[in-house]
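Heads up, structure.csv below (CSV, C-alpha atoms):
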```
chain,number,residue,atom,x,y,z
A,26,MET,CA,-6.2,22.6,-13.5
A,27,ALA,CA,-6.5,20.4,-10.5
A,28,ILE,CA,-3.7,18.0,-9.5
A,29,ARG,CA,-5.5,14.6,-9.5
A,30,ILE,CA,-4.2,11.9,-7.1
A,31,GLY,CA,-5.2,8.3,-7.7
A,32,THR,CA,-6.0,6.4,-4.5
A,33,SER,CA,-8.1,3.4,-3.5
A,34,GLU,CA,-11.8,2.9,-2.6
A,35,PRO,CA,-13.1,5.4,-0.1
A,36,ARG,CA,-11.9,4.8,3.5
A,37,GLY,CA,-9.0,2.7,2.2
A,38,SER,CA,-5.4,3.5,3.1
A,39,PHE,CA,-4.4,5.3,-0.1
A,40,TYR,CA,-7.7,7.4,0.0
A,41,THR,CA,-7.1,8.6,3.5
A,42,GLN,CA,-3.4,9.3,2.8
A,43,ALA,CA,-4.4,11.4,-0.2
A,44,GLN,CA,-6.8,13.4,1.9
A,45,ALA,CA,-4.0,14.3,4.3
A,46,LEU,CA,-1.8,15.3,1.3
A,47,LYS,CA,-4.6,17.4,0.0
A,48,ALA,CA,-4.9,19.2,3.4
A,49,VAL,CA,-1.3,20.3,3.0
A,50,PHE,CA,-1.2,20.9,-0.7
A,51,ASP,CA,-4.3,23.1,-0.7
A,52,ARG,CA,-2.4,25.7,1.3
A,53,ILE,CA,0.4,25.9,-1.4
A,54,PRO,CA,-0.7,28.1,-4.4
A,55,SER,CA,1.2,26.1,-7.0
A,56,LEU,CA,-0.4,22.8,-5.8
A,57,SER,CA,-4.0,23.9,-5.4
A,58,PRO,CA,-6.6,22.7,-6.2
A,59,VAL,CA,-6.1,19.0,-5.4
A,60,GLN,CA,-8.6,16.3,-6.5
A,61,VAL,CA,-8.6,13.0,-4.6
A,62,VAL,CA,-9.6,10.3,-7.2
A,63,GLU,CA,-11.0,7.1,-5.8
A,64,SER,CA,-10.5,3.7,-7.3
A,65,ASN,CA,-13.2,1.1,-7.2
A,66,VAL,CA,-11.4,-1.3,-9.7
A,67,GLY,CA,-7.8,-1.9,-8.8
A,68,ALA,CA,-6.0,0.8,-6.7
A,69,SER,CA,-2.3,0.3,-7.5
A,70,ILE,CA,-2.8,-1.3,-10.9
A,71,GLU,CA,-5.6,1.0,-12.0
A,72,ASN,CA,-3.5,4.0,-10.8
A,73,ALA,CA,-0.6,2.9,-13.0
A,74,TYR,CA,-2.8,2.7,-16.1
A,75,ARG,CA,-4.4,6.1,-15.3
A,76,LEU,CA,-1.1,7.8,-14.9
A,77,GLU,CA,0.0,6.4,-18.4
A,78,ALA,CA,-3.3,7.7,-19.9
A,79,GLY,CA,-2.9,11.1,-18.4
A,80,ASP,CA,-6.0,10.8,-16.3
A,81,LEU,CA,-4.0,11.4,-13.1
A,82,GLU,CA,-1.0,13.6,-12.2
A,83,LEU,CA,0.0,11.5,-9.2
A,84,GLY,CA,-1.0,8.0,-8.0
A,85,PHE,CA,-0.4,5.7,-5.0
A,86,ILE,CA,1.2,2.4,-6.0
A,87,SER,CA,2.7,-0.4,-3.9
A,88,ALA,CA,6.3,-1.3,-4.7
A,89,PRO,CA,5.7,-4.7,-6.2
A,90,TRP,CA,3.3,-3.2,-8.8
A,91,VAL,CA,5.7,-0.3,-9.5
A,92,ALA,CA,8.3,-2.9,-10.4
A,93,ALA,CA,5.8,-5.0,-12.4
A,94,ALA,CA,4.6,-2.0,-14.4
A,95,LYS,CA,8.2,-1.0,-15.2
A,96,LYS,CA,8.9,-4.5,-16.5
A,97,GLY,CA,5.6,-4.9,-18.2
A,98,VAL,CA,4.9,-8.2,-16.5
A,99,ALA,CA,1.6,-9.6,-15.0
A,100,PRO,CA,-0.7,-8.1,-14.1
A,101,PHE,CA,0.4,-5.5,-16.6
A,102,SER,CA,0.1,-6.1,-20.4
A,103,HIS,CA,3.0,-3.7,-21.3
A,104,SER,CA,5.7,-1.6,-19.7
A,105,ILE,CA,4.6,1.7,-18.1
A,106,ASP,CA,7.3,4.4,-17.6
A,107,LEU,CA,6.6,5.3,-14.0
A,108,LYS,CA,8.8,7.6,-11.9
A,109,ILE,CA,9.0,7.9,-8.1
A,110,VAL,CA,7.8,11.1,-6.5
A,111,ALA,CA,8.2,10.2,-2.8
A,112,PRO,CA,7.9,7.4,-0.3
A,113,MET,CA,4.6,7.2,1.6
A,114,ASN,CA,4.8,4.4,4.1
A,115,VAL,CA,5.7,0.9,4.9
A,116,GLY,CA,2.7,-1.0,6.3
A,117,PRO,CA,1.7,-4.5,6.9
A,118,ASN,CA,-0.8,-6.4,4.6
A,119,PHE,CA,-2.2,-9.1,6.8
A,120,PHE,CA,-4.9,-11.8,7.0
A,121,VAL,CA,-7.6,-11.4,9.7
A,122,ALA,CA,-10.1,-14.0,10.9
A,123,ARG,CA,-12.8,-14.1,13.5
A,124,ALA,CA,-11.5,-14.6,17.0
A,125,ASP,CA,-14.0,-17.4,17.6
A,126,SER,CA,-12.5,-19.4,14.6
A,127,ALA,CA,-9.8,-22.1,14.8
A,128,LEU,CA,-7.5,-20.1,12.5
A,129,HIS,CA,-4.3,-18.9,14.1
A,130,THR,CA,-1.6,-19.1,11.4
A,131,LEU,CA,-1.5,-18.7,7.7
A,132,GLY,CA,-1.2,-22.4,7.3
A,133,ASP,CA,-4.6,-22.8,8.8
A,134,LEU,CA,-6.1,-21.2,5.7
A,135,ARG,CA,-5.8,-24.5,3.9
A,136,GLY,CA,-9.4,-25.6,2.9
A,137,LYS,CA,-10.8,-22.2,3.9
A,138,LYS,CA,-12.7,-19.4,2.1
A,139,VAL,CA,-10.7,-16.1,2.0
A,140,ALA,CA,-11.7,-12.7,0.7
A,141,VAL,CA,-8.5,-11.7,-1.2
A,142,GLY,CA,-9.6,-8.4,-2.9
A,143,LEU,CA,-10.9,-7.5,-6.3
A,144,LYS,CA,-9.4,-9.5,-9.3
A,145,THR,CA,-8.2,-6.3,-10.8
A,146,SER,CA,-6.5,-5.0,-7.6
A,147,GLY,CA,-2.9,-5.2,-6.5
A,148,MET,CA,-4.0,-7.0,-3.3
A,149,THR,CA,-5.1,-10.1,-5.0
A,150,PRO,CA,-1.8,-11.0,-6.8
A,151,HIS,CA,0.0,-10.0,-3.6
A,152,ALA,CA,-2.2,-12.5,-1.7
A,153,GLU,CA,-1.4,-15.1,-4.4
A,154,ALA,CA,2.3,-14.5,-4.0
A,155,VAL,CA,2.0,-15.1,-0.2
A,156,PHE,CA,-0.1,-18.3,-0.8
A,157,ALA,CA,2.5,-19.6,-3.2
A,158,ALA,CA,5.4,-18.8,-0.9
A,159,ILE,CA,3.9,-20.8,2.0
A,160,GLY,CA,2.8,-23.7,-0.1
A,161,LEU,CA,-0.9,-23.1,-0.6
A,162,ASP,CA,-1.9,-23.8,-4.2
A,163,ALA,CA,-4.9,-23.0,-6.3
A,164,ASN,CA,-6.9,-25.9,-4.8
A,165,ASP,CA,-6.0,-25.3,-1.2
A,166,VAL,CA,-7.9,-22.0,-0.7
A,167,GLU,CA,-11.2,-20.8,-2.0
A,168,ARG,CA,-10.8,-17.2,-3.2
A,169,VAL,CA,-13.6,-14.7,-2.9
A,170,TYR,CA,-13.0,-11.6,-5.1
A,171,VAL,CA,-14.5,-8.6,-3.3
A,172,ASN,CA,-13.4,-5.1,-2.2
A,173,PHE,CA,-12.4,-4.3,1.3
A,174,VAL,CA,-15.8,-3.1,2.5
A,175,ASP,CA,-17.6,-6.2,1.1
A,176,GLY,CA,-14.9,-8.5,2.4
A,177,ALA,CA,-15.3,-7.1,5.9
A,178,GLU,CA,-19.0,-7.6,5.7
A,179,LEU,CA,-18.6,-11.2,4.6
A,180,LEU,CA,-16.2,-11.9,7.5
A,181,ALA,CA,-18.5,-10.3,10.0
A,182,ALA,CA,-21.4,-12.4,8.7
A,183,GLY,CA,-19.3,-15.6,8.8
A,184,LYS,CA,-19.6,-16.1,5.0
A,185,VAL,CA,-15.8,-16.2,4.6
A,186,ASP,CA,-13.2,-17.6,7.0
A,187,ALA,CA,-10.6,-14.8,6.6
A,188,GLN,CA,-9.9,-11.5,4.8
A,189,TYR,CA,-6.8,-10.1,3.4
A,190,GLN,CA,-6.5,-6.5,4.7
A,191,CYS,CA,-4.4,-3.5,3.8
A,192,PRO,CA,-2.1,-1.5,6.2
A,193,VAL,CA,-3.7,-0.2,9.4
A,194,PRO,CA,-4.9,2.1,10.6
A,195,ASN,CA,-7.6,2.0,8.0
A,196,GLN,CA,-11.2,2.9,8.7
A,197,ILE,CA,-12.6,-0.4,7.3
A,198,MET,CA,-10.5,-2.6,9.5
A,199,SER,CA,-11.0,-0.3,12.6
A,200,GLU,CA,-14.8,-0.5,12.2
A,201,LEU,CA,-14.7,-4.3,11.6
A,202,SER,CA,-12.6,-4.9,14.8
A,203,GLU,CA,-15.1,-2.8,16.8
A,204,ARG,CA,-18.1,-4.9,15.4
A,205,ILE,CA,-16.6,-8.3,15.9
A,206,ALA,CA,-13.7,-9.9,17.8
A,207,VAL,CA,-10.9,-10.5,15.3
A,208,ARG,CA,-7.6,-12.3,15.2
A,209,VAL,CA,-4.6,-11.4,13.0
A,210,LEU,CA,-3.1,-14.6,11.5
A,211,ALA,CA,0.6,-15.2,12.2
A,212,PHE,CA,3.4,-16.4,9.9
A,213,GLU,CA,5.4,-19.4,11.0
A,214,PRO,CA,9.1,-18.3,10.9
A,215,GLU,CA,9.9,-20.4,7.9
A,216,GLN,CA,6.8,-19.1,6.1
A,217,PHE,CA,7.9,-15.6,6.8
A,218,GLU,CA,11.3,-16.1,5.3
A,219,ALA,CA,9.9,-17.8,2.3
A,220,ALA,CA,7.4,-15.0,1.7
A,221,LEU,CA,10.2,-12.3,2.0
A,222,LYS,CA,12.2,-14.1,-0.7
A,223,ALA,CA,9.2,-14.5,-2.9
A,224,ILE,CA,8.2,-10.8,-2.8
A,225,PRO,CA,11.6,-9.0,-2.7
A,226,GLN,CA,10.0,-5.5,-2.8
A,227,ASP,CA,8.3,-6.2,0.6
A,228,ARG,CA,10.1,-5.4,3.8
A,229,PRO,CA,9.9,-7.1,7.2
A,230,THR,CA,7.8,-5.1,9.6
A,231,VAL,CA,6.0,-5.5,12.9
A,232,MET,CA,2.3,-5.1,13.4
A,233,ARG,CA,2.3,-3.6,16.9
A,234,ASN,CA,0.3,-4.7,19.9
A,235,GLY,CA,-3.0,-2.7,20.0
A,236,ALA,CA,-2.8,-1.6,16.3
A,237,ILE,CA,-6.4,-2.9,16.1
A,238,ARG,CA,-8.7,-4.1,18.8
A,239,GLY,CA,-7.9,-7.8,19.4
A,240,LEU,CA,-4.2,-7.6,18.5
A,241,ASP,CA,-2.6,-8.3,21.9
A,242,ARG,CA,1.0,-8.8,20.9
A,243,ASP,CA,3.6,-7.6,18.4
A,244,MET,CA,3.4,-9.7,15.3
A,245,PRO,CA,5.9,-9.9,12.4
A,246,GLN,CA,4.3,-9.3,9.0
A,247,LEU,CA,5.2,-8.4,5.4
A,248,GLY,CA,5.5,-4.7,5.1
A,249,VAL,CA,4.4,-3.3,1.7
A,250,PHE,CA,6.3,-0.2,0.6
A,251,ASN,CA,3.8,2.3,-0.8
A,252,LEU,CA,4.9,5.1,-3.0
A,253,LEU,CA,3.6,8.3,-4.6
A,254,MET,CA,4.3,7.9,-8.3
A,255,ALA,CA,4.0,10.0,-11.5
A,256,HIS,CA,4.4,9.2,-15.2
A,257,ALA,CA,7.8,10.1,-16.7
A,258,SER,CA,6.0,12.8,-18.8
A,259,ALA,CA,4.5,14.5,-15.7
A,260,ASP,CA,5.3,18.2,-15.4
A,261,GLU,CA,8.7,18.6,-13.6
A,262,ALA,CA,7.8,21.8,-11.8
A,263,MET,CA,4.6,20.2,-10.4
A,264,VAL,CA,6.5,17.1,-9.2
A,265,HIS,CA,9.2,19.3,-7.7
A,266,ASP,CA,6.7,21.3,-5.7
A,267,VAL,CA,4.8,18.1,-4.5
A,268,THR,CA,8.0,16.5,-3.4
A,269,GLN,CA,9.2,19.6,-1.6
A,270,ALA,CA,5.9,19.9,0.2
A,271,ILE,CA,6.1,16.3,1.4
A,272,VAL,CA,9.7,16.8,2.7
A,273,ASP,CA,8.9,20.1,4.3
A,274,HIS,CA,5.6,18.9,5.9
A,275,ALA,CA,6.4,15.3,6.8
A,276,GLY,CA,6.0,16.1,10.5
A,277,GLU,CA,2.6,17.7,10.0
A,278,LEU,CA,1.5,14.7,7.8
A,279,ALA,CA,2.4,12.4,10.7
A,280,THR,CA,0.1,14.3,13.0
A,281,LEU,CA,-2.7,14.5,10.5
A,282,LEU,CA,-2.8,10.7,9.8
A,283,PRO,CA,-1.3,7.8,11.7
A,284,LEU,CA,-0.5,6.1,8.4
A,285,PHE,CA,2.1,8.8,8.0
A,286,SER,CA,3.6,8.4,11.5
A,287,GLY,CA,6.6,6.7,10.0
A,288,LEU,CA,7.2,9.2,7.2
A,289,PRO,CA,9.8,11.4,9.0
A,290,HIS,CA,11.8,8.3,9.9
A,291,LEU,CA,11.4,6.9,6.4
A,292,LEU,CA,12.8,10.2,5.0
A,293,GLU,CA,15.7,10.1,7.4
A,294,THR,CA,16.5,6.6,6.4
A,295,MET,CA,16.5,7.7,2.8
A,296,ARG,CA,18.9,10.5,3.6
A,297,ALA,CA,21.3,8.2,5.5
A,298,GLU,CA,21.2,5.6,2.6
A,299,ARG,CA,21.3,8.3,-0.1
A,300,CYS,CA,18.0,7.0,-1.5
A,301,ALA,CA,19.6,3.6,-2.2
A,302,GLY,CA,16.4,1.8,-1.1
A,303,LEU,CA,14.0,4.1,-2.8
A,304,GLN,CA,15.0,3.4,-6.5
A,305,PHE,CA,14.7,-0.3,-7.5
A,306,ASP,CA,14.3,-2.6,-10.5
A,307,GLY,CA,15.1,0.2,-12.9
A,308,VAL,CA,12.5,2.6,-11.5
A,309,THR,CA,14.1,5.9,-10.7
A,310,LEU,CA,13.1,9.3,-9.3
A,311,HIS,CA,11.2,11.7,-11.4
A,312,PRO,CA,13.5,14.6,-12.4
A,313,GLY,CA,11.4,17.0,-10.4
A,314,ALA,CA,11.7,14.8,-7.3
A,315,ALA,CA,15.4,14.2,-7.9
A,316,ARG,CA,16.0,18.0,-7.8
A,317,VAL,CA,14.4,18.2,-4.3
A,318,PHE,CA,16.3,15.2,-2.9
A,319,SER,CA,19.6,16.3,-4.3
A,320,ALA,CA,19.2,19.9,-2.9
A,321,SER,CA,18.2,18.4,0.5
A,322,GLY,CA,21.2,16.1,0.8
A,323,TYR,CA,19.5,12.8,0.0
A,324,LEU,CA,21.4,12.1,-3.1
```
Output the structure of this file as structure tokens.
Amino acid sequence: MAIRIGTSEPRGSFYTQAQALKAVFDRIPSLSPVQVVESNVGASIENAYRLEAGDLELGFISAPWVAAAKKGVAPFSHSIDLKIVAPMNVGPNFFVARADSALHTLGDLRGKKVAVGLKTSGMTPHAEAVFAAIGLDANDVERVYVNFVDGAELLAAGKVDAQYQCPVPNQIMSELSERIAVRVLAFEPEQFEAALKAIPQDRPTVMRNGAIRGLDRDMPQLGVFNLLMAHASADEAMVHDVTQAIVDHAGELATLLPLFSGLPHLLETMRAERCAGLQFDGVTLHPGAARVFSASGYL
């Protein structure tokens, strides 16, 4: 039976990361074959429900929605017993506008039309949390609920003023920045601090100069912590072998996909902190993953 990994829409961050995992796992007999399962409904949120239903063995989920699923709070209707398999990356979610617009900071979104993601996706409540933190209420921004591909098309056509984008490099954002001149919107310092307090699972990060065409300086952004997750009932031997493969092949994954470039450093930070930052809000390692991290000196 294939190991099914829940991701995002094709060309999205989770989808390309799973393709890199597949390239590694398919060479390991106990982990092959691997099936990359796209999500056209809700990525993190959909993946959590699919893990619970047994439709996936593994799924990519962003940390805020891991915590929400564990607690059974919105956007989830009940608690889901998720367990951590391994960290994947910390990357910036960000707002992007056309470079010929008058938008420069997040405060400039007041009165504008913004593509925030699908209503059923984890991106939309994340965008709402940012809006609330910086003082933009329901009447201040017109939300447009579309996927990343359609949001990029709307921005290119001038039918929305800004789009909420997932961590780069992602193919959709790269293609958009080659088609039109874009500008990444900046946080004012007080907005940044307020957003970090409002979304405690996010981490401060820096979107680096040149990350996409049109970004000409380093820019502080909220870093979303993305994780590979399993349900508590997932097979322990399978999770053990998956986690071991990620630890053993972190360097190779970094060369296969730039989104994994920080994985070796992330694992080393985990080792130094004895996984203190990996387990949070009552969400713990899957027993199969804990065996690997314990044997490798992380715990």
Which residue is closest to Arg29 (chain A)? Choose from A:Val193, A:Met254, A:Leu128, A:Leu284 and count all atoms listed in the file. A:Met254
At a cut-off of 12 Å, using all atoms listed in the file, what residues contact Thr145 (chain A)? Leave out same-chain residues fewer than 3 positions from it and give the result as a list in words. Ser64, Asn65, Val66, Gly67, Ala68, Ser69, Ile70, Glu71, Asn72, Tyr74, Ala99, Pro100, Phe101, Val141, Gly142, Met148, Thr149, Pro150, His151, Tyr170, Val171 and Asn172 of chain A
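Pairwise distance (CA of Gln226 (chain A), CA of Gly136 (chain A)) equals 28.5 Å.
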For region 217-225 of chain A, work out the shell of residues within 10 Å, counting all atoms listed in the file and skipping chain neighbours fewer than 2 positions away, then give it as a PyMOL selection string. chain A and resi 88-89+131+151+154-160+211-215+227-229+245-249
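Among the candidates A:Pro289, A:Gly313, A:Pro192, A:Pro117, the residue lying nearest to Val272 (chain A) is A:Pro289 (atoms considered: all atoms listed in the file).
You can rank A:Val110, A:Leu83, A:Val166, A:Ile53 by their closest distance to Thr309 (chain A) using all atoms listed in the file, and at the top of that list sits A:Val110.
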Distance query Thr130 (chain A) at most 10 Å, only C-alpha atoms, self and fewer than 5 positions along chain excluded, as a VMD selection string: chain A and resid 120 to 122 208 to 213 216
Taking N, CA and C atoms as the atom set, what does region 239-271 of chain A look like once completed, written as a PDB file, in the coordinates of the input?
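That gives us rebuild-v1.pdb:
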```
ATOM      1  N   GLY A 239      -8.094  -6.349  19.479  1.00  0.00           N
ATOM      2  CA  GLY A 239      -7.900  -7.800  19.400  1.00  0.00           C
ATOM      3  C   GLY A 239      -6.508  -8.227  19.091  1.00  0.00           C
ATOM      4  N   LEU A 240      -5.623  -7.306  18.714  1.00  0.00           N
ATOM      5  CA  LEU A 240      -4.200  -7.600  18.500  1.00  0.00           C
ATOM      6  C   LEU A 240      -3.498  -7.371  19.848  1.00  0.00           C
ATOM      7  N   ASP A 241      -3.129  -8.445  20.542  1.00  0.00           N
ATOM      8  CA  ASP A 241      -2.600  -8.300  21.900  1.00  0.00           C
ATOM      9  C   ASP A 241      -1.115  -8.588  22.012  1.00  0.00           C
ATOM     10  N   ARG A 242      -0.418  -8.639  20.873  1.00  0.00           N
ATOM     11  CA  ARG A 242       1.000  -8.800  20.900  1.00  0.00           C
ATOM     12  C   ARG A 242       1.614  -8.285  19.596  1.00  0.00           C
ATOM     13  N   ASP A 243       2.915  -7.960  19.637  1.00  0.00           N
ATOM     14  CA  ASP A 243       3.600  -7.600  18.400  1.00  0.00           C
ATOM     15  C   ASP A 243       3.686  -8.793  17.489  1.00  0.00           C
ATOM     16  N   MET A 244       3.481  -8.577  16.199  1.00  0.00           N
ATOM     17  CA  MET A 244       3.400  -9.700  15.300  1.00  0.00           C
ATOM     18  C   MET A 244       4.195  -9.358  13.979  1.00  0.00           C
ATOM     19  N   PRO A 245       5.247 -10.106  13.632  1.00  0.00           N
ATOM     20  CA  PRO A 245       5.900  -9.900  12.400  1.00  0.00           C
ATOM     21  C   PRO A 245       4.998 -10.082  11.181  1.00  0.00           C
ATOM     22  N   GLN A 246       5.077  -9.155  10.234  1.00  0.00           N
ATOM     23  CA  GLN A 246       4.300  -9.300   9.000  1.00  0.00           C
ATOM     24  C   GLN A 246       5.086  -8.745   7.846  1.00  0.00           C
ATOM     25  N   LEU A 247       4.597  -9.012   6.639  1.00  0.00           N
ATOM     26  CA  LEU A 247       5.200  -8.400   5.400  1.00  0.00           C
ATOM     27  C   LEU A 247       4.815  -6.987   5.328  1.00  0.00           C
ATOM     28  N   GLY A 248       5.796  -6.118   5.208  1.00  0.00           N
ATOM     29  CA  GLY A 248       5.500  -4.700   5.100  1.00  0.00           C
ATOM     30  C   GLY A 248       5.551  -4.301   3.596  1.00  0.00           C
ATOM     31  N   VAL A 249       4.442  -3.801   3.102  1.00  0.00           N
ATOM     32  CA  VAL A 249       4.400  -3.300   1.700  1.00  0.00           C
ATOM     33  C   VAL A 249       4.836  -1.879   1.683  1.00  0.00           C
ATOM     34  N   PHE A 250       5.708  -1.571   0.737  1.00  0.00           N
ATOM     35  CA  PHE A 250       6.300  -0.200   0.600  1.00  0.00           C
ATOM     36  C   PHE A 250       5.403   0.516  -0.410  1.00  0.00           C
ATOM     37  N   ASN A 251       4.719   1.539   0.071  1.00  0.00           N
ATOM     38  CA  ASN A 251       3.800   2.300  -0.800  1.00  0.00           C
ATOM     39  C   ASN A 251       4.475   3.624  -1.196  1.00  0.00           C
ATOM     40  N   LEU A 252       4.265   3.980  -2.458  1.00  0.00           N
ATOM     41  CA  LEU A 252       4.900   5.100  -3.000  1.00  0.00           C
ATOM     42  C   LEU A 252       3.955   6.051  -3.734  1.00  0.00           C
ATOM     43  N   LEU A 253       4.297   7.327  -3.775  1.00  0.00           N
ATOM     44  CA  LEU A 253       3.600   8.300  -4.600  1.00  0.00           C
ATOM     45  C   LEU A 253       4.338   8.343  -5.937  1.00  0.00           C
ATOM     46  N   MET A 254       3.632   8.074  -7.029  1.00  0.00           N
ATOM     47  CA  MET A 254       4.300   7.900  -8.300  1.00  0.00           C
ATOM     48  C   MET A 254       3.689   8.936  -9.325  1.00  0.00           C
ATOM     49  N   ALA A 255       4.459   9.168 -10.392  1.00  0.00           N
ATOM     50  CA  ALA A 255       4.000  10.000 -11.500  1.00  0.00           C
ATOM     51  C   ALA A 255       4.482   9.270 -12.801  1.00  0.00           C
ATOM     52  N   HIS A 256       3.895   9.636 -13.924  1.00  0.00           N
ATOM     53  CA  HIS A 256       4.400   9.200 -15.200  1.00  0.00           C
ATOM     54  C   HIS A 256       5.662   9.971 -15.535  1.00  0.00           C
ATOM     55  N   ALA A 257       6.540   9.397 -16.336  1.00  0.00           N
ATOM     56  CA  ALA A 257       7.800  10.100 -16.700  1.00  0.00           C
ATOM     57  C   ALA A 257       7.475  11.430 -17.408  1.00  0.00           C
ATOM     58  N   SER A 258       6.312  11.536 -18.039  1.00  0.00           N
ATOM     59  CA  SER A 258       6.000  12.800 -18.800  1.00  0.00           C
ATOM     60  C   SER A 258       5.340  13.832 -17.874  1.00  0.00           C
ATOM     61  N   ALA A 259       5.165  13.561 -16.588  1.00  0.00           N
ATOM     62  CA  ALA A 259       4.500  14.500 -15.700  1.00  0.00           C
ATOM     63  C   ALA A 259       5.354  15.808 -15.610  1.00  0.00           C
ATOM     64  N   ASP A 260       4.672  16.922 -15.413  1.00  0.00           N
ATOM     65  CA  ASP A 260       5.300  18.200 -15.400  1.00  0.00           C
ATOM     66  C   ASP A 260       6.364  18.272 -14.246  1.00  0.00           C
ATOM     67  N   GLU A 261       7.594  18.650 -14.606  1.00  0.00           N
ATOM     68  CA  GLU A 261       8.700  18.600 -13.600  1.00  0.00           C
ATOM     69  C   GLU A 261       8.494  19.611 -12.509  1.00  0.00           C
ATOM     70  N   ALA A 262       7.989  20.788 -12.828  1.00  0.00           N
ATOM     71  CA  ALA A 262       7.800  21.800 -11.800  1.00  0.00           C
ATOM     72  C   ALA A 262       6.748  21.337 -10.779  1.00  0.00           C
ATOM     73  N   MET A 263       5.675  20.719 -11.259  1.00  0.00           N
ATOM     74  CA  MET A 263       4.600  20.200 -10.400  1.00  0.00           C
ATOM     75  C   MET A 263       5.191  19.148  -9.448  1.00  0.00           C
ATOM     76  N   VAL A 264       5.927  18.193 -10.018  1.00  0.00           N
ATOM     77  CA  VAL A 264       6.500  17.100  -9.200  1.00  0.00           C
ATOM     78  C   VAL A 264       7.485  17.678  -8.185  1.00  0.00           C
ATOM     79  N   HIS A 265       8.287  18.637  -8.599  1.00  0.00           N
ATOM     80  CA  HIS A 265       9.200  19.300  -7.700  1.00  0.00           C
ATOM     81  C   HIS A 265       8.480  19.869  -6.485  1.00  0.00           C
ATOM     82  N   ASP A 266       7.406  20.614  -6.736  1.00  0.00           N
ATOM     83  CA  ASP A 266       6.700  21.300  -5.700  1.00  0.00           C
ATOM     84  C   ASP A 266       5.979  20.278  -4.753  1.00  0.00           C
ATOM     85  N   VAL A 267       5.470  19.198  -5.339  1.00  0.00           N
ATOM     86  CA  VAL A 267       4.800  18.100  -4.500  1.00  0.00           C
ATOM     87  C   VAL A 267       5.862  17.495  -3.611  1.00  0.00           C
ATOM     88  N   THR A 268       6.998  17.123  -4.170  1.00  0.00           N
ATOM     89  CA  THR A 268       8.000  16.500  -3.400  1.00  0.00           C
ATOM     90  C   THR A 268       8.546  17.397  -2.272  1.00  0.00           C
ATOM     91  N   GLN A 269       8.754  18.660  -2.622  1.00  0.00           N
ATOM     92  CA  GLN A 269       9.200  19.600  -1.600  1.00  0.00           C
ATOM     93  C   GLN A 269       8.208  19.759  -0.494  1.00  0.00           C
ATOM     94  N   ALA A 270       6.940  19.785  -0.821  1.00  0.00           N
ATOM     95  CA  ALA A 270       5.900  19.900   0.200  1.00  0.00           C
ATOM     96  C   ALA A 270       5.901  18.694   1.127  1.00  0.00           C
ATOM     97  N   ILE A 271       6.104  17.506   0.576  1.00  0.00           N
ATOM     98  CA  ILE A 271       6.100  16.300   1.400  1.00  0.00           C
ATOM     99  C   ILE A 271       7.325  16.303   2.340  1.00  0.00           C
TER     100      ILE A 271
END
```
